[in-house]
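Here the structure is laid out as structure tokens; the discussion comes afterwards.
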Amino acid sequence: MSHVMNTYARLPVTFSHGKGCRLYDTEGKEYLDALSGIAVSTLGHAHPKLVKAIADQAGRMLHVSNLYRIAEQEQLADKLCALSGMQEVFFSNSGAEANEAAIKLARFYGHKKGIDLPTVIVMEKAFHGRTMATVSATANRKAQAGFEPLLSGFVRVPFGDLAAIQAVAEENKNVVAVMFEIIQGEGGIHLVDPAFYRGVRELCDAQGWLMMCDEVQCGMGRTGKWFGYQTAGVQPDVATLAKGLGSGVPIGACMVGGKAAGLFGPGNHGSTFGGNPLVSTAALTTLAVMEEEGLLDNAARIGALIRQEFATALAGQAGVVDIRGHGLMIGIELDRPCGELVGKALAEGLLINVTADTVVRFLPPLIFSEKEARELVDRVAPLIKAFLAG
Ligand SMILES: *Cc1c(COP(=O)(O)O)cnc(C)c1O
């Protein structure tokens, strides 16, 4: 028995190394990686530029405290602000911590306005993390059960339902922010009409609320734009990142602009590791390689190809409810729980995922090639068909 705490139902495989979009297990078997460690490995595995940048940085210094100025962190904040239209960045070590910072910021914003019991509007099917605040904001009962009392100060509405948010505005004068994923990831790859995002922006402006986008999964180029909100044509006040930001090195970010900027001062928030020289270098290099290799265009093009090829391969197939997504964030919803597909794919040397019980999910590295895209569809479509027939 492993001494690792049993918090994941782990598949019976151990990887030893990877290259590009392939991973190899300890027996030498090869796998096509269409999951990226859940949207993390932006540049695939062992990208030579990232390997070198991390090694060089390790040879200079890994860590100094945020008690000092950190040049790599400042450069990364500049770059992220230039890409995102934001003004300030707080660096964390994970998505949950980035969202934790956003939630604290929203409460702080409320208190400054004289709202003593600030409330954040969150969505059904949302996932924001596993810390007490973020699990309270998450809509998954399984993630919350046994951890009560949850944090108060959240009200939940159906994702995409602007009228429901307007109704909350009328009865609850403590609202300070609306927090949501532009594309819900864990909840099952859900997108809504872009009118919703614009409507939330207008409502936030009218009410003086913060619009907060959790971009931990849909950000970092995965949709074909740097950030998911850019596909929707809106500019939030707060956007959080993690997962793909360091291409495998743990780093998160809470980016703020507009009325969310300038709120926190020394002592209001912090992190020992957040934005240290190593992780900041990894993120800066990830962004640079994304630009050099045109990975935003690649994500848009290859994502569209995968959806289109699946639509062709699964045309008329009973049991397929929907094929959807944006860029390289793709879900195939089936009419029944399909978790067993993950193990069947693994046996075939394919790393895929199932979320929300019935949605086969693909989150390939942004370097995924056309050849790999066709291979993925050619190998996964028969598995789905056999599963639905069986
Ligand atoms: C994964 C995820 C998180 C949590 O990130 P961690 O790094 O696991 O804490 C938060 N929000 C979204 C949208 C995510 O997909």
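So you can find residues: chains in the structure tokens are A, B, ... in the order shown, residues in each start at 1, and ligands are numbered from 1 in order.
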task: Return as a ChimeraX atom specification the residues of protein, DNA or RNA that approach ligand 1 to within 10 Å, with only C-alpha atoms and all ligand atoms taken into account.
output: /A:38-40,92-100,126-131,134-135,138,180-187,213-219,240-244,250-252
Restrict the selected residues to N, CA and C atoms and save them as a short mmCIF file (atom, residue, chain, number, x, y, z; two decimals), in the first residue's frame.
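Wrote it out as again-v1.cif, contents follow:
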data_model
loop_
_atom_site.label_atom_id
_atom_site.label_comp_id
_atom_site.auth_asym_id
_atom_site.auth_seq_id
_atom_site.Cartn_x
_atom_site.Cartn_y
_atom_site.Cartn_z
N ILE A 38 -4.45 17.61 -16.95
CA ILE A 38 -5.61 18.50 -16.80
C ILE A 38 -5.23 19.95 -17.14
N ALA A 39 -5.00 20.17 -18.40
CA ALA A 39 -4.80 21.53 -18.95
C ALA A 39 -3.55 22.23 -18.44
N VAL A 40 -2.54 21.45 -18.05
CA VAL A 40 -1.33 22.05 -17.48
C VAL A 40 -0.18 22.14 -18.50
N SER A 92 0.23 33.29 -6.98
CA SER A 92 -0.02 32.21 -6.03
C SER A 92 0.62 30.94 -6.58
N ASN A 93 0.33 29.83 -5.94
CA ASN A 93 0.94 28.55 -6.35
C ASN A 93 -0.04 27.60 -7.01
N SER A 94 -1.30 27.98 -7.07
CA SER A 94 -2.33 27.07 -7.60
C SER A 94 -3.55 27.87 -8.00
N GLY A 95 -4.48 27.17 -8.65
CA GLY A 95 -5.73 27.80 -9.05
C GLY A 95 -6.60 28.16 -7.86
N ALA A 96 -6.68 27.24 -6.91
CA ALA A 96 -7.50 27.52 -5.73
C ALA A 96 -7.00 28.77 -5.02
N GLU A 97 -5.70 28.89 -4.89
CA GLU A 97 -5.15 30.06 -4.20
C GLU A 97 -5.35 31.35 -5.01
N ALA A 98 -5.32 31.24 -6.32
CA ALA A 98 -5.59 32.42 -7.15
C ALA A 98 -7.03 32.87 -6.92
N ASN A 99 -7.96 31.89 -6.86
CA ASN A 99 -9.37 32.22 -6.61
C ASN A 99 -9.59 32.70 -5.19
N GLU A 100 -8.85 32.11 -4.26
CA GLU A 100 -8.93 32.55 -2.87
C GLU A 100 -8.56 34.05 -2.80
N ALA A 126 -20.27 25.14 -11.24
CA ALA A 126 -18.96 25.80 -11.20
C ALA A 126 -17.94 24.95 -10.46
N PHE A 127 -16.67 25.10 -10.83
CA PHE A 127 -15.57 24.54 -10.04
C PHE A 127 -14.53 25.62 -9.83
N HIS A 128 -14.20 25.89 -8.56
CA HIS A 128 -13.22 26.93 -8.28
C HIS A 128 -12.07 26.46 -7.39
N GLY A 129 -12.10 25.20 -6.92
CA GLY A 129 -10.96 24.71 -6.14
C GLY A 129 -11.40 24.00 -4.87
N ARG A 130 -10.41 23.66 -4.04
CA ARG A 130 -10.63 22.76 -2.90
C ARG A 130 -10.36 23.40 -1.54
N THR A 131 -9.93 24.66 -1.52
CA THR A 131 -9.76 25.31 -0.21
C THR A 131 -11.15 25.63 0.34
N THR A 134 -12.92 28.31 -1.77
CA THR A 134 -13.19 27.95 -3.17
C THR A 134 -14.12 26.74 -3.27
N VAL A 135 -14.07 25.84 -2.29
CA VAL A 135 -14.99 24.70 -2.32
C VAL A 135 -16.40 25.20 -1.99
N THR A 138 -17.62 26.47 -5.20
CA THR A 138 -17.82 25.36 -6.15
C THR A 138 -19.23 24.82 -6.01
N PHE A 180 -17.30 33.52 -12.24
CA PHE A 180 -17.69 32.39 -13.09
C PHE A 180 -16.57 32.03 -14.06
N GLU A 181 -16.66 30.83 -14.61
CA GLU A 181 -15.75 30.39 -15.68
C GLU A 181 -16.43 30.73 -17.01
N ILE A 182 -15.69 31.31 -17.94
CA ILE A 182 -16.25 31.58 -19.27
C ILE A 182 -16.68 30.26 -19.92
N ILE A 183 -15.81 29.24 -19.81
CA ILE A 183 -16.20 27.88 -20.20
C ILE A 183 -16.00 27.02 -18.97
N GLN A 184 -17.08 26.41 -18.47
CA GLN A 184 -16.95 25.56 -17.30
C GLN A 184 -16.20 24.29 -17.67
N GLY A 185 -15.16 23.99 -16.92
CA GLY A 185 -14.34 22.82 -17.22
C GLY A 185 -14.81 21.58 -16.50
N GLU A 186 -14.57 21.52 -15.20
CA GLU A 186 -14.94 20.33 -14.42
C GLU A 186 -16.43 20.04 -14.52
N GLY A 187 -17.23 21.11 -14.64
CA GLY A 187 -18.68 20.96 -14.71
C GLY A 187 -19.17 20.28 -15.98
N CYS A 213 -13.50 36.48 -13.54
CA CYS A 213 -13.47 35.29 -14.39
C CYS A 213 -12.41 34.30 -13.89
N ASP A 214 -12.85 33.09 -13.60
CA ASP A 214 -11.92 32.01 -13.26
C ASP A 214 -11.43 31.42 -14.57
N GLU A 215 -10.20 31.79 -14.93
CA GLU A 215 -9.59 31.36 -16.20
C GLU A 215 -8.57 30.25 -15.96
N VAL A 216 -8.69 29.59 -14.82
CA VAL A 216 -7.68 28.59 -14.46
C VAL A 216 -7.60 27.48 -15.51
N GLN A 217 -8.75 27.08 -16.06
CA GLN A 217 -8.74 26.03 -17.08
C GLN A 217 -8.86 26.59 -18.50
N CYS A 218 -9.72 27.59 -18.70
CA CYS A 218 -9.97 28.06 -20.08
C CYS A 218 -9.01 29.17 -20.51
N GLY A 219 -8.13 29.61 -19.60
CA GLY A 219 -7.18 30.67 -19.94
C GLY A 219 -5.92 30.12 -20.59
N THR A 240 -8.40 34.97 -12.92
CA THR A 240 -7.44 34.10 -12.25
C THR A 240 -6.89 33.07 -13.22
N LEU A 241 -5.61 32.72 -13.01
CA LEU A 241 -4.91 31.75 -13.86
C LEU A 241 -4.19 30.75 -12.98
N ALA A 242 -3.87 29.61 -13.54
CA ALA A 242 -2.95 28.65 -12.91
C ALA A 242 -2.65 27.60 -13.98
N LYS A 243 -3.06 26.35 -13.74
CA LYS A 243 -2.89 25.24 -14.68
C LYS A 243 -1.83 25.48 -15.76
N GLY A 244 -2.19 25.96 -16.94
CA GLY A 244 -1.24 26.04 -18.05
C GLY A 244 -0.20 27.14 -17.95
N PRO A 250 4.30 24.71 -10.84
CA PRO A 250 3.12 25.23 -10.13
C PRO A 250 3.17 26.75 -9.94
N ILE A 251 2.28 27.44 -10.64
CA ILE A 251 2.15 28.89 -10.47
C ILE A 251 0.72 29.28 -10.78
N GLY A 252 0.19 30.18 -9.98
CA GLY A 252 -1.15 30.75 -10.20
C GLY A 252 -1.05 32.25 -10.19
#
All residues 9 Å or closer to Val175 of chain A, only C-alpha atoms, same chain fewer than 4 positions away omitted, as a short mmCIF file (atom, residue, chain, number, x, y, z; two decimals) with N, CA, C and O atoms, in the first residue's frame:
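This is the output file result31.cif:
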data_model
loop_
_atom_site.label_atom_id
_atom_site.label_comp_id
_atom_site.auth_asym_id
_atom_site.auth_seq_id
_atom_site.Cartn_x
_atom_site.Cartn_y
_atom_site.Cartn_z
N GLY A 110 -15.81 45.09 -0.89
CA GLY A 110 -17.10 45.33 -0.26
C GLY A 110 -16.96 46.11 1.04
O GLY A 110 -17.66 47.11 1.25
N ILE A 115 -19.96 47.59 2.94
CA ILE A 115 -20.78 46.38 2.96
C ILE A 115 -20.11 45.39 3.91
O ILE A 115 -19.03 44.86 3.62
N LEU A 117 -21.21 42.41 5.09
CA LEU A 117 -21.40 40.97 4.83
C LEU A 117 -21.42 40.73 3.31
O LEU A 117 -22.45 40.39 2.74
N PRO A 118 -20.27 40.94 2.66
CA PRO A 118 -20.25 40.89 1.20
C PRO A 118 -20.61 39.50 0.65
O PRO A 118 -20.23 38.48 1.21
N THR A 119 -21.34 39.53 -0.46
CA THR A 119 -21.81 38.31 -1.11
C THR A 119 -21.26 38.24 -2.53
O THR A 119 -21.25 39.25 -3.24
N VAL A 120 -20.84 37.04 -2.93
CA VAL A 120 -20.37 36.82 -4.30
C VAL A 120 -21.36 35.89 -5.00
O VAL A 120 -21.72 34.83 -4.47
N ILE A 121 -21.81 36.28 -6.18
CA ILE A 121 -22.71 35.43 -6.97
C ILE A 121 -21.86 34.42 -7.74
O ILE A 121 -20.91 34.79 -8.42
N GLY A 153 -21.73 33.77 2.33
CA GLY A 153 -21.36 34.87 1.44
C GLY A 153 -21.32 34.49 -0.03
O GLY A 153 -20.69 35.19 -0.83
N PHE A 154 -21.96 33.36 -0.39
CA PHE A 154 -22.10 33.01 -1.80
C PHE A 154 -23.58 32.78 -2.10
O PHE A 154 -24.28 32.18 -1.30
N VAL A 155 -24.04 33.26 -3.24
CA VAL A 155 -25.37 32.86 -3.72
C VAL A 155 -25.18 32.29 -5.12
O VAL A 155 -24.33 32.74 -5.88
N VAL A 168 -31.27 38.55 -8.10
CA VAL A 168 -30.44 38.63 -6.89
C VAL A 168 -30.13 40.10 -6.59
O VAL A 168 -30.20 40.55 -5.44
N ALA A 169 -29.82 40.86 -7.66
CA ALA A 169 -29.46 42.27 -7.48
C ALA A 169 -30.58 43.04 -6.79
O ALA A 169 -30.34 43.94 -5.99
N GLN A 207 -24.10 48.10 -11.23
CA GLN A 207 -24.26 47.86 -9.79
C GLN A 207 -22.98 48.14 -8.99
O GLN A 207 -23.00 48.06 -7.76
N TRP A 209 -20.35 46.15 -9.09
CA TRP A 209 -19.81 44.85 -8.69
C TRP A 209 -18.54 44.55 -9.48
O TRP A 209 -18.33 45.07 -10.58
#
message: Neighbouring residues of segment 299-310 of chain A were defined as those with any atom within 10 Å, considering only C-alpha atoms; residues of the same chain fewer than 4 positions away were excluded. Please report them as a PyMOL selection string.
response: chain A and resi 221-225+294-295+314-315+323-332+362-378+380-381
Residues from last step as file, N, CA and C atoms, as a tab-separated table (two decimals), in the first residue's frame:
chain	number	residue	atom	x	y	z
A	221	GLY	N	-4.43	30.55	-23.49
A	221	GLY	CA	-4.38	30.20	-24.90
A	221	GLY	C	-5.24	29.02	-25.32
A	222	ARG	N	-5.82	28.35	-24.36
A	222	ARG	CA	-6.53	27.10	-24.68
A	222	ARG	C	-7.70	27.32	-25.64
A	223	THR	N	-8.34	28.48	-25.57
A	223	THR	CA	-9.48	28.74	-26.45
A	223	THR	C	-9.06	29.30	-27.81
A	224	GLY	N	-7.76	29.58	-27.97
A	224	GLY	CA	-7.31	30.23	-29.20
A	224	GLY	C	-7.08	31.72	-28.99
A	225	LYS	N	-7.54	32.25	-27.85
A	225	LYS	CA	-7.17	33.61	-27.41
A	225	LYS	C	-6.38	33.43	-26.12
A	294	GLY	N	3.31	30.24	-32.37
A	294	GLY	CA	1.95	30.50	-32.84
A	294	GLY	C	0.92	29.56	-32.22
A	295	LEU	N	1.03	29.33	-30.93
A	295	LEU	CA	0.20	28.29	-30.32
A	295	LEU	C	-1.27	28.70	-30.12
A	314	LEU	N	-18.57	10.35	-35.46
A	314	LEU	CA	-19.66	9.90	-34.58
A	314	LEU	C	-21.03	10.30	-35.13
A	315	ALA	N	-21.09	10.73	-36.40
A	315	ALA	CA	-22.36	11.18	-36.99
A	315	ALA	C	-23.40	10.07	-36.90
A	323	ILE	N	-21.25	17.40	-29.08
A	323	ILE	CA	-19.81	17.57	-29.20
A	323	ILE	C	-19.57	19.07	-29.15
A	324	ARG	N	-18.83	19.54	-28.15
A	324	ARG	CA	-18.74	20.99	-28.01
A	324	ARG	C	-17.38	21.40	-27.44
A	325	GLY	N	-17.16	22.70	-27.41
A	325	GLY	CA	-15.93	23.22	-26.85
A	325	GLY	C	-15.49	24.47	-27.58
A	326	HIS	N	-14.30	24.89	-27.24
A	326	HIS	CA	-13.71	26.08	-27.86
A	326	HIS	C	-12.21	25.83	-27.88
A	327	GLY	N	-11.59	25.92	-29.05
A	327	GLY	CA	-10.16	25.62	-29.13
A	327	GLY	C	-9.89	24.23	-28.60
A	328	LEU	N	-8.82	24.11	-27.80
A	328	LEU	CA	-8.43	22.79	-27.30
A	328	LEU	C	-9.04	22.49	-25.93
A	329	MET	N	-10.29	22.88	-25.77
A	329	MET	CA	-11.06	22.54	-24.57
A	329	MET	C	-12.34	21.90	-25.11
A	330	ILE	N	-12.35	20.55	-25.12
A	330	ILE	CA	-13.35	19.84	-25.91
A	330	ILE	C	-14.07	18.80	-25.07
A	331	GLY	N	-15.40	18.74	-25.22
A	331	GLY	CA	-16.17	17.72	-24.51
A	331	GLY	C	-17.11	17.00	-25.46
A	332	ILE	N	-17.25	15.69	-25.24
A	332	ILE	CA	-18.26	14.90	-25.95
A	332	ILE	C	-19.21	14.36	-24.89
A	362	PHE	N	-11.28	16.37	-23.54
A	362	PHE	CA	-9.94	16.44	-24.16
A	362	PHE	C	-9.34	17.82	-23.90
A	363	LEU	N	-8.14	17.83	-23.34
A	363	LEU	CA	-7.42	19.08	-23.08
A	363	LEU	C	-5.96	18.87	-23.51
A	364	PRO	N	-5.73	18.71	-24.83
A	364	PRO	CA	-4.37	18.38	-25.27
A	364	PRO	C	-3.40	19.55	-25.07
A	365	PRO	N	-2.10	19.26	-25.08
A	365	PRO	CA	-1.12	20.34	-25.08
A	365	PRO	C	-1.38	21.27	-26.27
A	366	LEU	N	-1.03	22.55	-26.13
A	366	LEU	CA	-1.31	23.50	-27.21
A	366	LEU	C	-0.41	23.28	-28.42
A	367	ILE	N	0.59	22.41	-28.29
A	367	ILE	CA	1.46	22.07	-29.44
A	367	ILE	C	0.88	20.90	-30.25
A	368	PHE	N	-0.30	20.42	-29.89
A	368	PHE	CA	-0.91	19.27	-30.58
A	368	PHE	C	-0.93	19.52	-32.09
A	369	SER	N	-0.43	18.54	-32.86
A	369	SER	CA	-0.35	18.73	-34.32
A	369	SER	C	-1.59	18.18	-35.00
A	370	GLU	N	-1.71	18.51	-36.28
A	370	GLU	CA	-2.83	17.99	-37.06
A	370	GLU	C	-2.79	16.46	-37.10
A	371	LYS	N	-1.59	15.92	-37.23
A	371	LYS	CA	-1.42	14.47	-37.27
A	371	LYS	C	-1.88	13.84	-35.96
A	372	GLU	N	-1.49	14.46	-34.85
A	372	GLU	CA	-1.89	13.93	-33.55
A	372	GLU	C	-3.40	14.06	-33.35
A	373	ALA	N	-3.97	15.16	-33.88
A	373	ALA	CA	-5.41	15.36	-33.78
A	373	ALA	C	-6.15	14.25	-34.51
A	374	ARG	N	-5.70	13.94	-35.73
A	374	ARG	CA	-6.36	12.88	-36.52
A	374	ARG	C	-6.17	11.52	-35.85
A	375	GLU	N	-4.99	11.31	-35.31
A	375	GLU	CA	-4.72	10.04	-34.60
A	375	GLU	C	-5.67	9.91	-33.40
A	376	LEU	N	-5.82	11.01	-32.65
A	376	LEU	CA	-6.70	10.97	-31.48
A	376	LEU	C	-8.11	10.55	-31.87
A	377	VAL	N	-8.65	11.23	-32.88
A	377	VAL	CA	-10.03	10.93	-33.29
A	377	VAL	C	-10.13	9.50	-33.84
A	378	ASP	N	-9.15	9.10	-34.68
A	378	ASP	CA	-9.17	7.75	-35.27
A	378	ASP	C	-9.14	6.67	-34.19
A	380	VAL	N	-9.93	7.21	-30.71
A	380	VAL	CA	-10.92	7.35	-29.62
A	380	VAL	C	-12.35	7.10	-30.12
A	381	ALA	N	-12.65	7.53	-31.33
A	381	ALA	CA	-14.03	7.37	-31.83
A	381	ALA	C	-14.49	5.90	-31.77
- request: Within segment 40-149 of chain A, find each residue whose DSSP state, derived from the backbone, is strand (DSSP E), and express the selection as a PyMOL selection string.
  value: chain A and resi 88-92+119-123
Take the residues from that selection and put them in a file with N, CA, C and O atoms, as a compact mmCIF listing (two decimals), in the first residue's frame.
# COMPACT_ATOMS: atom_id res chain seq x y z
N GLU A 88 -2.59 44.84 -12.45
CA GLU A 88 -1.77 44.32 -11.34
C GLU A 88 -1.97 42.82 -11.26
O GLU A 88 -3.05 42.32 -11.56
N VAL A 89 -0.93 42.12 -10.78
CA VAL A 89 -1.02 40.67 -10.65
C VAL A 89 -0.51 40.24 -9.27
O VAL A 89 0.57 40.68 -8.84
N PHE A 90 -1.27 39.38 -8.61
CA PHE A 90 -0.78 38.70 -7.40
C PHE A 90 -0.47 37.26 -7.79
O PHE A 90 -1.30 36.60 -8.42
N PHE A 91 0.70 36.75 -7.41
CA PHE A 91 1.08 35.38 -7.79
C PHE A 91 0.88 34.40 -6.64
O PHE A 91 1.30 34.66 -5.51
N SER A 92 0.23 33.29 -6.98
CA SER A 92 -0.02 32.21 -6.03
C SER A 92 0.62 30.94 -6.58
O SER A 92 1.35 30.97 -7.57
N THR A 119 -21.34 39.53 -0.46
CA THR A 119 -21.81 38.31 -1.11
C THR A 119 -21.26 38.24 -2.53
O THR A 119 -21.25 39.25 -3.24
N VAL A 120 -20.84 37.04 -2.93
CA VAL A 120 -20.37 36.82 -4.30
C VAL A 120 -21.36 35.89 -5.00
O VAL A 120 -21.72 34.83 -4.47
N ILE A 121 -21.81 36.28 -6.18
CA ILE A 121 -22.71 35.43 -6.97
C ILE A 121 -21.86 34.42 -7.74
O ILE A 121 -20.91 34.79 -8.42
N VAL A 122 -22.19 33.14 -7.59
CA VAL A 122 -21.47 32.06 -8.29
C VAL A 122 -22.48 31.20 -9.06
O VAL A 122 -23.69 31.38 -8.91
N MET A 123 -21.96 30.29 -9.88
CA MET A 123 -22.81 29.57 -10.84
C MET A 123 -23.03 28.11 -10.45
O MET A 123 -22.18 27.48 -9.84
- request: Based on DSSP run over this structure's backbone, return all residues of segment 242-379 of chain A in alpha helix (DSSP H), as number ranges by chain.
  value: A: 277-292, 295-313, 340-347, 370-379
- request: Find the distance between atom CA of Ala58 of chain A and atom CA of Ala82 of chain A and write it in Å to one decimal.
  value: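 Interatomic distance here is 26.7 Å.
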task: Quote the spacing between atom CA of Phe273 of chain A and atom CA of Leu105 of chain A in Å to one decimal place.
output: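 Separation of atom CA of Phe273 of chain A and atom CA of Leu105 of chain A: 19.6 Å.
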Between atom CA of Gly274 of chain A and atom CA of Asn140 of chain A, distance in Å (one decimal):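 One can read the atom CA of Gly274 of chain A to atom CA of Asn140 of chain A distance as 27.6 Å.
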task: Write out as a list in words each polymer residue whose atoms come within 10 Å of Ile384 of chain A, counting only C-alpha atoms; drop sequence neighbours fewer than 2 positions from it.
output: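 Result of the neighbour search: Leu314, Gln317, Gly319, Val320, Ile332, Leu334, Cys338, Leu341, Lys344, Ala345, Val360, Arg379, Val380, Ala381, Pro382, Ala386, Phe387, Leu388, Ala389 and Gly390 of chain A.
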Residues of the last selection are to be written out with C-alpha atoms, as a PDB file, in the first residue's frame.
ATOM      1  CA  LEU A 314     -19.658   9.904 -34.584  1.00  0.00           C
ATOM      2  CA  GLN A 317     -24.242   7.541 -33.399  1.00  0.00           C
ATOM      3  CA  GLY A 319     -25.915   7.927 -27.334  1.00  0.00           C
ATOM      4  CA  VAL A 320     -23.838  10.959 -28.374  1.00  0.00           C
ATOM      5  CA  ILE A 332     -18.263  14.905 -25.955  1.00  0.00           C
ATOM      6  CA  LEU A 334     -22.872  10.937 -23.864  1.00  0.00           C
ATOM      7  CA  CYS A 338     -18.889   6.810 -19.131  1.00  0.00           C
ATOM      8  CA  LEU A 341     -13.805   4.947 -21.058  1.00  0.00           C
ATOM      9  CA  LYS A 344     -10.220   1.583 -21.840  1.00  0.00           C
ATOM     10  CA  ALA A 345      -8.361   4.468 -23.492  1.00  0.00           C
ATOM     11  CA  VAL A 360     -15.509  12.741 -22.375  1.00  0.00           C
ATOM     12  CA  ARG A 379      -8.331   5.921 -32.043  1.00  0.00           C
ATOM     13  CA  VAL A 380     -10.916   7.347 -29.624  1.00  0.00           C
ATOM     14  CA  ALA A 381     -14.027   7.369 -31.827  1.00  0.00           C
ATOM     15  CA  PRO A 382     -14.087   3.528 -32.080  1.00  0.00           C
ATOM     16  CA  ALA A 386     -17.880   0.244 -28.826  1.00  0.00           C
ATOM     17  CA  PHE A 387     -18.771   1.586 -25.393  1.00  0.00           C
ATOM     18  CA  LEU A 388     -22.166   2.862 -26.584  1.00  0.00           C
ATOM     19  CA  ALA A 389     -22.861  -0.408 -28.419  1.00  0.00           C
ATOM     20  CA  GLY A 390     -21.889  -2.507 -25.409  1.00  0.00           C
TER      21      GLY A 390
END
field: Among listed residues A:Tyr24, A:Lys385, A:Gln166, A:Lys104, nearest Gly316 of chain A (using only C-alpha atoms)
entry: A:Lys385
task: Go through A:Thr355, A:Asn298, A:Ser84, A:Thr272 one by one, measure the shortest atom-to-atom distance of each to Ala239 of chain A using only C-alpha atoms, and give the residue with the smallest value.
output: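 Smallest separation from Ala239 of chain A among the options: A:Ser84.
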task: Write out as a PyMOL selection string each polymer residue whose atoms come within 8 Å of Tyr109 of chain A, counting only C-alpha atoms; drop sequence neighbours fewer than 4 positions from it.
output: chain A and resi 105+113+176+260+263
field: Shell of 9 Å around segment 275-281 of chain A, only C-alpha atoms, local chain residues under 4 positions omitted, as a PyMOL selection string
entry: chain A and resi 50+53-54+57-58+61-66+70-76+90-93+246+249-253+271+285-286
query: Nearest to Met212 of chain A: which of A:Asp237, A:Asp297, A:Glu348, A:Asp56 is it, counting only C-alpha atoms?
result: A:Asp237
